[in-house]
file work_14.pdb (PDB, C-alpha atoms)
ATOM      1  CA  MET O   1     154.245 164.713  84.463
ATOM      2  CA  THR O   2     156.150 167.251  86.576
ATOM      3  CA  PRO O   3     156.409 165.751  90.079
ATOM      4  CA  LEU O   4     153.960 167.316  92.503
ATOM      5  CA  LEU O   5     154.966 168.556  95.922
ATOM      6  CA  PHE O   6     154.235 166.520  99.008
ATOM      7  CA  ALA O   7     154.503 167.762 102.581
ATOM      8  CA  THR O   8     155.280 164.901 104.950
ATOM      9  CA  PRO O   9     152.828 164.124 107.780
ATOM     10  CA  ALA O  10     155.409 165.287 110.305
ATOM     11  CA  GLY O  11     155.306 168.743 108.746
ATOM     12  CA  THR O  12     158.855 168.683 107.416
ATOM     13  CA  LYS O  13     159.912 170.525 104.288
ATOM     14  CA  PRO O  14     157.937 169.441 101.196
ATOM     15  CA  SER O  15     159.850 167.385  98.681
ATOM     16  CA  ALA O  16     159.119 166.364  95.100
ATOM     17  CA  PHE O  17     158.302 162.730  94.519
ATOM     18  CA  PRO O  18     157.675 161.188  91.118
ATOM     19  CA  ASN O  19     155.961 157.971  92.079
ATOM     20  CA  PHE O  20     154.056 155.945  94.615
ATOM     21  CA  LEU O  21     157.061 154.222  96.187
ATOM     22  CA  SER O  22     158.405 157.356  97.835
ATOM     23  CA  PHE O  23     155.040 157.815  99.545
ATOM     24  CA  GLN O  24     154.633 154.253 100.852
ATOM     25  CA  SER O  25     155.753 155.012 104.388
ATOM     26  CA  ALA O  26     153.371 157.950 104.762
ATOM     27  CA  ARG O  27     150.430 155.894 103.513
ATOM     28  CA  SER O  28     151.071 153.202 106.104
ATOM     29  CA  SER O  29     151.182 155.661 109.019
ATOM     30  CA  ALA O  30     148.616 155.405 111.770
ATOM     31  CA  ALA O  31     147.217 158.768 110.754
ATOM     32  CA  VAL O  32     145.625 157.345 107.618
ATOM     33  CA  GLN O  33     144.478 153.965 108.953
ATOM     34  CA  ARG O  34     140.839 153.177 109.634
ATOM     35  CA  PRO O  35     139.900 150.994 112.614
ATOM     36  CA  ARG O  36     138.343 147.815 111.233
ATOM     37  CA  LYS O  37     135.681 145.658 112.795
ATOM     38  CA  ALA O  38     136.300 141.946 113.157
ATOM     39  CA  LEU O  39     135.330 140.297 109.893
ATOM     40  CA  SER O  40     132.307 138.025 109.856
ATOM     41  CA  ARG O  41     133.429 134.859 108.079
ATOM     42  CA  ARG O  42     129.835 133.748 107.630
ATOM     43  CA  PHE O  43     129.287 136.268 104.894
ATOM     44  CA  PHE O  44     132.830 136.743 103.621
ATOM     45  CA  VAL O  45     133.896 135.578 100.177
ATOM     46  CA  GLU O  46     137.129 137.116  98.897
ATOM     47  CA  PRO O  47     136.527 139.111  95.690
ATOM     48  CA  THR O  48     138.949 137.623  93.200
ATOM     49  CA  ARG O  49     139.646 139.930  90.275
ATOM     50  CA  PRO O  50     143.095 139.055  88.871
ATOM     51  CA  GLU O  51     142.602 141.485  85.998
ATOM     52  CA  LEU O  52     142.949 144.315  88.522
ATOM     53  CA  LEU O  53     146.597 143.417  89.077
ATOM     54  CA  ARG O  54     147.652 145.040  85.828
ATOM     55  CA  VAL O  55     146.814 148.100  83.809
ATOM     56  CA  PRO O  56     144.408 147.120  81.021
ATOM     57  CA  ALA O  57     145.507 147.645  77.450
ATOM     58  CA  ARG O  58     144.409 150.988  76.099
ATOM     59  CA  HIS O  59     141.323 150.872  73.974
ATOM     60  CA  ASP O  60     141.474 151.689  70.311
ATOM     61  CA  GLN O  61     140.987 155.445  70.594
ATOM     62  CA  THR O  62     139.709 155.897  67.035
ATOM     63  CA  VAL O  63     136.264 156.657  68.444
ATOM     64  CA  VAL O  64     137.694 159.422  70.613
ATOM     65  CA  ALA O  65     139.653 160.905  67.710
ATOM     66  CA  GLN O  66     136.542 160.863  65.510
ATOM     67  CA  ALA O  67     134.479 162.531  68.222
ATOM     68  CA  ILE O  68     137.067 165.275  68.637
ATOM     69  CA  SER O  69     137.282 165.809  64.877
ATOM     70  CA  SER O  70     133.506 166.067  64.705
ATOM     71  CA  VAL O  71     133.506 168.739  67.425
ATOM     72  CA  ALA O  72     136.275 170.617  65.602
ATOM     73  CA  GLU O  73     134.303 170.655  62.359
ATOM     74  CA  ARG O  74     131.111 171.894  64.005
ATOM     75  CA  ALA O  75     132.705 174.484  66.283
ATOM     76  CA  PRO O  76     136.486 174.875  66.194
ATOM     77  CA  GLY O  77     136.524 177.011  69.317
ATOM     78  CA  LEU O  78     135.144 174.148  71.383
ATOM     79  CA  VAL O  79     138.222 171.942  70.935
ATOM     80  CA  LYS O  80     140.217 172.241  74.140
ATOM     81  CA  THR O  81     143.808 171.487  75.021
ATOM     82  CA  LYS O  82     143.365 170.425  78.646
ATOM     83  CA  ALA O  83     140.733 168.977  80.978
ATOM     84  CA  LEU O  84     140.563 168.126  84.672
ATOM     85  CA  ILE O  85     138.291 165.177  85.486
ATOM     86  CA  PHE O  86     137.113 164.224  88.972
ATOM     87  CA  ASP O  87     135.707 160.970  90.229
ATOM     88  CA  CYS O  88     132.852 161.713  92.648
ATOM     89  CA  ASP O  89     132.704 159.232  95.538
ATOM     90  CA  GLY O  90     135.867 159.359  97.601
ATOM     91  CA  VAL O  91     137.291 162.273  95.580
ATOM     92  CA  ILE O  92     134.734 165.078  95.732
ATOM     93  CA  VAL O  93     132.576 163.592  98.487
ATOM     94  CA  GLU O  94     133.703 161.586 101.513
ATOM     95  CA  SER O  95     131.001 159.059 100.820
ATOM     96  CA  GLU O  96     132.218 155.465 100.660
ATOM     97  CA  ASP O  97     131.060 154.539 104.172
ATOM     98  CA  GLY O  98     127.770 156.213 103.339
ATOM     99  CA  HIS O  99     127.363 153.774 100.465
ATOM    100  CA  ARG O 100     128.097 150.832 102.787
ATOM    101  CA  ILE O 101     125.476 152.038 105.255
ATOM    102  CA  ALA O 102     122.966 152.446 102.413
ATOM    103  CA  TYR O 103     123.585 148.909 101.129
ATOM    104  CA  ASN O 104     122.992 147.527 104.621
ATOM    105  CA  GLU O 105     119.760 149.514 104.993
ATOM    106  CA  ALA O 106     118.510 148.090 101.692
ATOM    107  CA  PHE O 107     119.414 144.556 102.780
ATOM    108  CA  ALA O 108     117.621 145.090 106.098
ATOM    109  CA  GLU O 109     114.469 146.413 104.389
ATOM    110  CA  LYS O 110     114.295 143.152 102.431
ATOM    111  CA  GLY O 111     115.002 141.041 105.515
ATOM    112  CA  LEU O 112     117.973 139.404 103.786
ATOM    113  CA  GLY O 113     120.128 138.958 106.884
ATOM    114  CA  VAL O 114     123.148 140.419 105.080
ATOM    115  CA  GLU O 115     125.415 143.085 106.514
ATOM    116  CA  TRP O 116     128.663 144.309 104.966
ATOM    117  CA  ASP O 117     131.156 145.434 107.601
ATOM    118  CA  THR O 118     133.894 147.978 106.911
ATOM    119  CA  GLU O 119     136.642 145.430 106.270
ATOM    120  CA  PHE O 120     134.631 143.413 103.790
ATOM    121  CA  TYR O 121     133.256 146.469 102.040
ATOM    122  CA  GLY O 122     136.756 147.874 101.708
ATOM    123  CA  ARG O 123     137.777 144.745  99.823
ATOM    124  CA  LEU O 124     134.633 144.688  97.732
ATOM    125  CA  GLN O 125     134.580 148.318  96.621
ATOM    126  CA  ASN O 126     138.262 148.133  95.715
ATOM    127  CA  SER O 127     137.574 145.140  93.452
ATOM    128  CA  ILE O 128     134.231 145.705  91.734
ATOM    129  CA  GLY O 129     132.918 148.955  90.282
ATOM    130  CA  GLY O 130     129.203 149.768  90.283
ATOM    131  CA  GLY O 131     126.463 149.131  92.843
ATOM    132  CA  LYS O 132     124.448 146.592  90.859
ATOM    133  CA  GLU O 133     127.644 144.788  89.967
ATOM    134  CA  LYS O 134     128.673 144.567  93.636
ATOM    135  CA  MET O 135     125.319 143.132  94.699
ATOM    136  CA  THR O 136     125.137 140.734  91.764
ATOM    137  CA  TRP O 137     128.588 139.419  92.601
ATOM    138  CA  TRP O 138     127.592 138.977  96.244
ATOM    139  CA  PHE O 139     124.483 136.919  95.553
ATOM    140  CA  GLU O 140     126.224 134.872  92.873
ATOM    141  CA  GLN O 141     128.842 133.922  95.450
ATOM    142  CA  ASN O 142     126.543 133.447  98.450
ATOM    143  CA  GLY O 143     123.268 132.307  96.884
ATOM    144  CA  TRP O 144     120.152 134.109  95.716
ATOM    145  CA  PRO O 145     117.087 134.484  97.977
ATOM    146  CA  SER O 146     114.239 132.033  97.655
ATOM    147  CA  GLY O 147     112.139 132.676  94.564
ATOM    148  CA  VAL O 148     114.944 134.439  92.711
ATOM    149  CA  ALA O 149     116.062 131.775  90.277
ATOM    150  CA  THR O 150     115.838 132.870  86.650
ATOM    151  CA  GLU O 151     118.048 135.514  85.089
ATOM    152  CA  GLN O 152     115.073 137.854  84.736
ATOM    153  CA  GLN O 153     114.128 137.379  88.397
ATOM    154  CA  GLN O 154     117.700 138.099  89.407
ATOM    155  CA  ASN O 155     117.851 141.246  87.288
ATOM    156  CA  ASP O 156     114.535 142.481  88.706
ATOM    157  CA  PHE O 157     115.659 141.694  92.264
ATOM    158  CA  ILE O 158     118.944 143.581  91.861
ATOM    159  CA  HIS O 159     117.166 146.538  90.245
ATOM    160  CA  GLU O 160     114.663 146.784  93.095
ATOM    161  CA  LEU O 161     117.384 146.376  95.706
ATOM    162  CA  HIS O 162     119.496 149.044  94.027
ATOM    163  CA  VAL O 163     116.590 151.507  94.037
ATOM    164  CA  SER O 164     116.222 150.920  97.789
ATOM    165  CA  LYS O 165     119.951 151.382  98.286
ATOM    166  CA  THR O 166     119.949 154.646  96.320
ATOM    167  CA  ASP O 167     116.971 155.930  98.314
ATOM    168  CA  ALA O 168     118.844 155.174 101.553
ATOM    169  CA  TYR O 169     121.957 156.923 100.246
ATOM    170  CA  LEU O 170     119.967 160.011  99.235
ATOM    171  CA  ARG O 171     118.523 160.186 102.749
ATOM    172  CA  LEU O 172     122.055 160.336 104.147
ATOM    173  CA  ILE O 173     122.791 163.262 101.828
ATOM    174  CA  GLU O 174     119.541 165.062 102.694
ATOM    175  CA  ASN O 175     120.333 164.677 106.407
ATOM    176  CA  GLY O 176     123.775 166.244 105.960
ATOM    177  CA  LEU O 177     125.701 163.133 106.989
ATOM    178  CA  LEU O 178     128.223 163.183 104.112
ATOM    179  CA  GLU O 179     131.007 165.729 103.722
ATOM    180  CA  LEU O 180     133.056 167.368 101.000
ATOM    181  CA  ARG O 181     136.707 166.318 100.841
ATOM    182  CA  PRO O 182     139.331 168.999 101.633
ATOM    183  CA  GLY O 183     140.592 171.123  98.772
ATOM    184  CA  VAL O 184     137.947 170.216  96.209
ATOM    185  CA  ARG O 185     136.356 173.653  95.915
ATOM    186  CA  ARG O 186     139.773 175.329  95.896
ATOM    187  CA  VAL O 187     140.973 173.204  92.953
ATOM    188  CA  ILE O 188     137.698 173.744  91.084
ATOM    189  CA  LEU O 189     138.058 177.523  91.448
ATOM    190  CA  GLU O 190     141.710 177.390  90.353
ATOM    191  CA  ALA O 191     140.804 175.397  87.237
ATOM    192  CA  ALA O 192     137.901 177.688  86.357
ATOM    193  CA  ASP O 193     140.077 180.767  86.832
ATOM    194  CA  LEU O 194     142.709 179.323  84.480
ATOM    195  CA  GLY O 195     140.137 178.254  81.886
ATOM    196  CA  VAL O 196     140.638 174.503  82.342
ATOM    197  CA  PRO O 197     137.436 172.559  81.499
ATOM    198  CA  LEU O 198     136.056 170.443  84.349
ATOM    199  CA  ALA O 199     134.196 167.131  84.303
ATOM    200  CA  VAL O 200     132.963 164.417  86.658
ATOM    201  CA  CYS O 201     133.121 160.710  85.769
ATOM    202  CA  SER O 202     131.484 158.492  88.388
ATOM    203  CA  ALA O 203     130.562 154.815  88.443
ATOM    204  CA  ALA O 204     127.537 155.612  90.625
ATOM    205  CA  ASN O 205     124.056 156.046  89.162
ATOM    206  CA  ARG O 206     123.059 159.495  87.960
ATOM    207  CA  ARG O 207     120.421 160.085  90.623
ATOM    208  CA  ALA O 208     122.975 159.631  93.401
ATOM    209  CA  VAL O 209     125.712 161.590  91.623
ATOM    210  CA  GLU O 210     123.528 164.605  90.888
ATOM    211  CA  MET O 211     122.164 164.718  94.435
ATOM    212  CA  ALA O 212     125.640 164.448  95.974
ATOM    213  CA  LEU O 213     127.077 167.154  93.748
ATOM    214  CA  SER O 214     124.194 169.587  94.132
ATOM    215  CA  LYS O 215     123.720 169.151  97.894
ATOM    216  CA  ILE O 216     127.328 168.675  99.064
ATOM    217  CA  LEU O 217     129.480 170.433  96.471
ATOM    218  CA  GLY O 218     126.851 173.105  95.833
ATOM    219  CA  SER O 219     125.255 174.473  92.677
ATOM    220  CA  TYR O 220     127.688 177.403  92.406
ATOM    221  CA  TYR O 221     130.617 175.019  91.957
ATOM    222  CA  LEU O 222     128.651 172.427  90.015
ATOM    223  CA  ASP O 223     127.829 175.048  87.386
ATOM    224  CA  MET O 224     131.558 175.297  86.634
ATOM    225  CA  PHE O 225     131.582 171.747  85.250
ATOM    226  CA  GLU O 226     131.057 171.244  81.538
ATOM    227  CA  LEU O 227     130.228 167.554  81.820
ATOM    228  CA  VAL O 228     128.948 165.048  84.366
ATOM    229  CA  LEU O 229     128.964 161.365  83.409
ATOM    230  CA  ALA O 230     127.525 158.634  85.635
ATOM    231  CA  GLY O 231     127.565 154.862  85.542
ATOM    232  CA  ASP O 232     124.281 154.945  83.585
ATOM    233  CA  ASP O 233     126.053 156.649  80.667
ATOM    234  CA  VAL O 234     128.376 153.764  79.729
ATOM    235  CA  LYS O 235     127.939 150.035  79.256
ATOM    236  CA  LYS O 236     131.074 149.023  81.131
ATOM    237  CA  LYS O 237     132.064 150.363  84.543
ATOM    238  CA  LYS O 238     135.522 151.125  85.873
ATOM    239  CA  PRO O 239     138.202 149.668  85.644
ATOM    240  CA  ASN O 240     137.069 149.698  82.010
ATOM    241  CA  PRO O 241     138.202 153.069  80.580
ATOM    242  CA  ASP O 242     135.018 153.740  78.566
ATOM    243  CA  ILE O 243     133.716 156.500  80.830
ATOM    244  CA  TYR O 244     136.963 158.464  80.526
ATOM    245  CA  LEU O 245     137.223 157.950  76.777
ATOM    246  CA  THR O 246     133.604 159.099  76.453
ATOM    247  CA  ALA O 247     134.399 162.212  78.493
ATOM    248  CA  ALA O 248     137.411 163.041  76.297
ATOM    249  CA  GLY O 249     135.281 162.782  73.179
ATOM    250  CA  LYS O 250     132.486 164.933  74.572
ATOM    251  CA  LEU O 251     134.899 167.571  75.872
ATOM    252  CA  GLY O 252     136.828 167.641  72.614
ATOM    253  CA  VAL O 253     140.220 166.989  74.210
ATOM    254  CA  GLN O 254     142.861 164.322  73.643
ATOM    255  CA  PRO O 255     143.014 161.742  76.465
ATOM    256  CA  ALA O 256     146.743 162.406  76.937
ATOM    257  CA  ASP O 257     145.893 166.025  77.787
ATOM    258  CA  CYS O 258     143.499 165.071  80.581
ATOM    259  CA  VAL O 259     144.350 164.760  84.267
ATOM    260  CA  VAL O 260     142.075 162.546  86.366
ATOM    261  CA  ILE O 261     141.706 162.667  90.148
ATOM    262  CA  GLU O 262     140.774 159.253  91.548
ATOM    263  CA  ASP O 263     140.738 157.568  94.952
ATOM    264  CA  SER O 264     140.879 153.848  94.128
ATOM    265  CA  ARG O 265     142.869 151.363  92.109
ATOM    266  CA  ILE O 266     139.984 150.500  89.816
ATOM    267  CA  GLY O 267     139.531 154.186  89.035
ATOM    268  CA  LEU O 268     143.271 154.577  88.466
ATOM    269  CA  LEU O 269     143.245 151.656  86.025
ATOM    270  CA  ALA O 270     140.313 153.172  84.142
ATOM    271  CA  ALA O 271     142.122 156.492  83.759
ATOM    272  CA  LYS O 272     145.415 154.900  82.737
ATOM    273  CA  GLY O 273     143.630 152.543  80.358
ATOM    274  CA  ALA O 274     142.227 155.638  78.654
ATOM    275  CA  GLY O 275     145.735 157.056  78.255
ATOM    276  CA  MET O 276     145.254 159.846  80.802
ATOM    277  CA  ARG O 277     147.433 161.108  83.612
ATOM    278  CA  CYS O 278     146.054 160.290  87.053
ATOM    279  CA  ILE O 279     146.705 161.476  90.579
ATOM    280  CA  VAL O 280     145.210 159.648  93.542
ATOM    281  CA  THR O 281     143.791 161.153  96.727
ATOM    282  CA  PHE O 282     143.244 158.028  98.772
ATOM    283  CA  THR O 283     140.621 157.443 101.457
ATOM    284  CA  ASP O 284     140.539 155.326 104.609
ATOM    285  CA  TYR O 285     139.122 152.526 102.473
ATOM    286  CA  THR O 286     141.818 152.733  99.794
ATOM    287  CA  ALA O 287     144.903 153.801 101.776
ATOM    288  CA  ASN O 288     146.591 150.418 101.439
ATOM    289  CA  GLU O 289     145.921 149.838  97.748
ATOM    290  CA  ASP O 290     148.657 149.575  95.128
ATOM    291  CA  PHE O 291     148.876 152.845  93.199
ATOM    292  CA  ALA O 292     152.165 152.123  91.440
ATOM    293  CA  GLU O 293     150.843 153.369  88.073
ATOM    294  CA  ALA O 294     149.684 156.745  89.464
ATOM    295  CA  ASP O 295     151.494 159.932  88.498
ATOM    296  CA  ALA O 296     151.275 161.035  92.135
ATOM    297  CA  VAL O 297     149.536 159.946  95.345
ATOM    298  CA  PHE O 298     148.273 162.169  98.169
ATOM    299  CA  PRO O 299     146.052 161.836 101.258
ATOM    300  CA  GLU O 300     143.859 164.682  99.936
ATOM    301  CA  LEU O 301     143.956 167.723  97.664
ATOM    302  CA  GLY O 302     144.546 169.853 100.715
ATOM    303  CA  ASP O 303     143.249 173.238 101.770
ATOM    304  CA  PHE O 304     144.202 176.391 103.621
ATOM    305  CA  PRO O 305     145.274 176.925 106.364
ATOM    306  CA  ASN O 306     146.566 173.349 106.232
ATOM    307  CA  THR O 307     148.846 171.848 103.622
ATOM    308  CA  CYS O 308     147.758 172.199  99.984
ATOM    309  CA  TYR O 309     149.129 169.128  98.253
ATOM    310  CA  VAL O 310     147.845 169.828  94.753
ATOM    311  CA  SER O 311     147.294 172.958  92.694
ATOM    312  CA  VAL O 312     146.169 173.178  89.076
ATOM    313  CA  LYS O 313     149.439 174.895  88.167
ATOM    314  CA  ASP O 314     151.275 171.805  89.443
ATOM    315  CA  LEU O 315     149.351 169.771  86.888
ATOM    316  CA  TRP O 316     150.013 172.180  83.993
ATOM    317  CA  PRO O 317     153.057 174.372  84.778
ATOM    318  CA  ASP O 318     152.642 176.174  81.443
ATOM    319  CA  LEU O 319     149.412 177.837  82.637
ATOM    320  CA  SER O 320     149.801 181.482  83.533
TER     321      SER O 320
END
call {"tool": "encode", "arguments": {"input": "work_14.pdb", "output": "structure tokens"}}
result
Amino acid sequence: MTPLLFATPAGTKPSAFPNFLSFQSARSSAAVQRPRKALSRRFFVEPTRPELLRVPARHDQTVVAQAISSVAERAPGLVKTKALIFDCDGVIVESEDGHRIAYNEAFAEKGLGVEWDTEFYGRLQNSIGGGKEKMTWWFEQNGWPSGVATEQQQNDFIHELHVSKTDAYLRLIENGLLELRPGVRRVILEAADLGVPLAVCSAANRRAVEMALSKILGSYYLDMFELVLAGDDVKKKKPNPDIYLTAAGKLGVQPADCVVIEDSRIGLLAAKGAGMRCIVTFTDYTANEDFAEADAVFPELGDFPNTCYVSVKDLWPDLS
């Protein structure tokens, strides 16, 4: 990948950097750090996911190749040579703390006496993808409520709790409490103008994804996307690469010709496991994660009149 341009926080002349290491000092600056509350040890259990320390082996991409061939046979003009794929939470929408608030509202509605503070949630969301998976992990580590003993009871409990959490999250969106990240609409317009297909691949459930995109991104921009995949559309969540491989097949593009924009390590691993290029726009929650495998790392996509860190022509210099 051609190195992207990065303007330093001090506003000095932009310089090309090919990897994460040259950006380490900027990521550790006070400007990108989030004040953390004192951690409550009573509820804290460290998420241990050693498999996240390495990039997973790429899946056998025969399924993707077959899907692309099928598209080519049915409609040759639909086979594309490039695609730009966005994660939703933390990439399009500044929403991760909104999710934390929604989890806590759901816990409070059930009288569970559980509250995830910012420090703990930062660890959790950087280790486990998917809302049901996060809550299941939590109760497996800390004990299930009284009367929730069998596997079926646990599944029903998590389902009901997740519905409550999603309802709380949708209320935050309806009340205008979540914002679009800088540069997202600019990059979408650039891609559309250059004829680059657009997609969203999110680990969140479809109800939340569609509401966030329609209300915060806006229908005008959403209509420019050819594909939106949510966590409901695949069996395995990120860091498993299935959602990205599924997107490549549906778009009719080779994974190696896709560029993914992610904000977290588990999303990065999913993209790289699918054989795609990946740039990271980190958030307050993910600023200190290891993004060594990323093609480039930035604090945001950037927008005028401030620094624009990423343009679609940076991703594909051959585009006119």
call {"tool": "resolve_selection", "arguments": {"input": "work_14.pdb", "expression": "the PyMOL selection byres ((chain O and resi 319) around 12)", "output": "PDB file with C-alpha atoms, keeping the file's coordinate frame"}}
result
ATOM      1  CA  THR O  81     143.808 171.487  75.021  1.00  0.00           C
ATOM      2  CA  LYS O  82     143.365 170.425  78.646  1.00  0.00           C
ATOM      3  CA  GLU O 190     141.710 177.390  90.353  1.00  0.00           C
ATOM      4  CA  ALA O 191     140.804 175.397  87.237  1.00  0.00           C
ATOM      5  CA  ASP O 193     140.077 180.767  86.832  1.00  0.00           C
ATOM      6  CA  LEU O 194     142.709 179.323  84.480  1.00  0.00           C
ATOM      7  CA  GLY O 195     140.137 178.254  81.886  1.00  0.00           C
ATOM      8  CA  VAL O 196     140.638 174.503  82.342  1.00  0.00           C
ATOM      9  CA  SER O 311     147.294 172.958  92.694  1.00  0.00           C
ATOM     10  CA  VAL O 312     146.169 173.178  89.076  1.00  0.00           C
ATOM     11  CA  LYS O 313     149.439 174.895  88.167  1.00  0.00           C
ATOM     12  CA  ASP O 314     151.275 171.805  89.443  1.00  0.00           C
ATOM     13  CA  LEU O 315     149.351 169.771  86.888  1.00  0.00           C
ATOM     14  CA  TRP O 316     150.013 172.180  83.993  1.00  0.00           C
ATOM     15  CA  PRO O 317     153.057 174.372  84.778  1.00  0.00           C
ATOM     16  CA  ASP O 318     152.642 176.174  81.443  1.00  0.00           C
ATOM     17  CA  SER O 320     149.801 181.482  83.533  1.00  0.00           C
TER      18      SER O 320
END
call {"tool": "atom_distance", "arguments": {"input": "work_14.pdb", "atom1": "CA of Asp89 (chain O)", "atom2": "CA of Asn155 (chain O)"}}
result
24.7 Å
call {"tool": "atom_distance", "arguments": {"input": "work_14.pdb", "atom1": "CA of Phe86 (chain O)", "atom2": "CA of Ala287 (chain O)"}}
result
18.3 Å
call {"tool": "residues_near_point", "arguments": {"input": "work_14.pdb", "point": "(126.4, 154.9, 80.1)", "cutoff": "10 Å", "atoms": "all atoms listed in the file", "output": "JSON, numbers by chain"}}
result
{"O": [203, 205, 206, 229, 230, 231, 232, 233, 234, 235, 236, 237, 242, 243, 246]}
call {"tool": "closest_residue", "arguments": {"input": "work_14.pdb", "among": "O:Leu180, O:Ala204, O:Arg185, O:Val148", "to": "Lys132 (chain O)", "atoms": "all atoms listed in the file"}}
result
O:Ala204
call {"tool": "residues_around", "arguments": {"input": "work_14.pdb", "residues": "Ala294 (chain O)", "least_positions_apart": "4", "cutoff": "10 Å", "atoms": "only C-alpha atoms", "output": "PyMOL selection string"}}
result
chain O and resi 18-20+261-262+265+268-269+271-272+277-280+290
call {"tool": "atom_distance", "arguments": {"input": "work_14.pdb", "atom1": "CA of Val310 (chain O)", "atom2": "CA of Ile266 (chain O)"}}
result
21.4 Å
call {"tool": "residues_around", "arguments": {"input": "work_14.pdb", "residues": "region 301-306 of chain O", "least_positions_apart": "3", "cutoff": "8 Å", "atoms": "only C-alpha atoms", "output": "MDAnalysis selection string"}}
result
chainID O and resid 182:184 186:187 281 298 309:311
call {"tool": "resolve_selection", "arguments": {"input": "work_14.pdb", "expression": "the PyMOL selection byres ((chain O and resi 103) around 9)", "output": "list in words"}}
result
Gly98, His99, Arg100, Ile101, Ala102, Asn104, Glu105, Ala106, Phe107, Ala108, Glu115, Trp116, Gly131, Met135, Leu161, His162, Ser164, Lys165, Thr166, Ala168 and Tyr169 of chain O
call {"tool": "resolve_selection", "arguments": {"input": "work_14.pdb", "expression": "the PyMOL selection byres ((chain O and resi 248) around 10)", "output": "PDB file with C-alpha atoms, keeping the file's coordinate frame"}}
result
ATOM      1  CA  VAL O  64     137.694 159.422  70.613  1.00  0.00           C
ATOM      2  CA  ALA O  65     139.653 160.905  67.710  1.00  0.00           C
ATOM      3  CA  ALA O  67     134.479 162.531  68.222  1.00  0.00           C
ATOM      4  CA  ILE O  68     137.067 165.275  68.637  1.00  0.00           C
ATOM      5  CA  LYS O  80     140.217 172.241  74.140  1.00  0.00           C
ATOM      6  CA  LYS O  82     143.365 170.425  78.646  1.00  0.00           C
ATOM      7  CA  ALA O  83     140.733 168.977  80.978  1.00  0.00           C
ATOM      8  CA  ILE O  85     138.291 165.177  85.486  1.00  0.00           C
ATOM      9  CA  ALA O 199     134.196 167.131  84.303  1.00  0.00           C
ATOM     10  CA  ASP O 242     135.018 153.740  78.566  1.00  0.00           C
ATOM     11  CA  ILE O 243     133.716 156.500  80.830  1.00  0.00           C
ATOM     12  CA  TYR O 244     136.963 158.464  80.526  1.00  0.00           C
ATOM     13  CA  LEU O 245     137.223 157.950  76.777  1.00  0.00           C
ATOM     14  CA  THR O 246     133.604 159.099  76.453  1.00  0.00           C
ATOM     15  CA  ALA O 247     134.399 162.212  78.493  1.00  0.00           C
ATOM     16  CA  GLY O 249     135.281 162.782  73.179  1.00  0.00           C
ATOM     17  CA  LYS O 250     132.486 164.933  74.572  1.00  0.00           C
ATOM     18  CA  LEU O 251     134.899 167.571  75.872  1.00  0.00           C
ATOM     19  CA  GLY O 252     136.828 167.641  72.614  1.00  0.00           C
ATOM     20  CA  VAL O 253     140.220 166.989  74.210  1.00  0.00           C
ATOM     21  CA  GLN O 254     142.861 164.322  73.643  1.00  0.00           C
ATOM     22  CA  PRO O 255     143.014 161.742  76.465  1.00  0.00           C
ATOM     23  CA  ALA O 256     146.743 162.406  76.937  1.00  0.00           C
ATOM     24  CA  ASP O 257     145.893 166.025  77.787  1.00  0.00           C
ATOM     25  CA  CYS O 258     143.499 165.071  80.581  1.00  0.00           C
ATOM     26  CA  ALA O 274     142.227 155.638  78.654  1.00  0.00           C
ATOM     27  CA  MET O 276     145.254 159.846  80.802  1.00  0.00           C
TER      28      MET O 276
END
call {"tool": "closest_residue", "arguments": {"input": "work_14.pdb", "among": "O:Asp295, O:Glu174, O:Asp284, O:Asp263", "to": "Glu119 (chain O)", "atoms": "all atoms listed in the file"}}
result
O:Asp284
call {"tool": "closest_residue", "arguments": {"input": "work_14.pdb", "among": "O:Phe282, O:Gly147, O:Lys215, O:Glu109", "to": "Val163 (chain O)", "atoms": "all atoms listed in the file"}}
result
O:Glu109
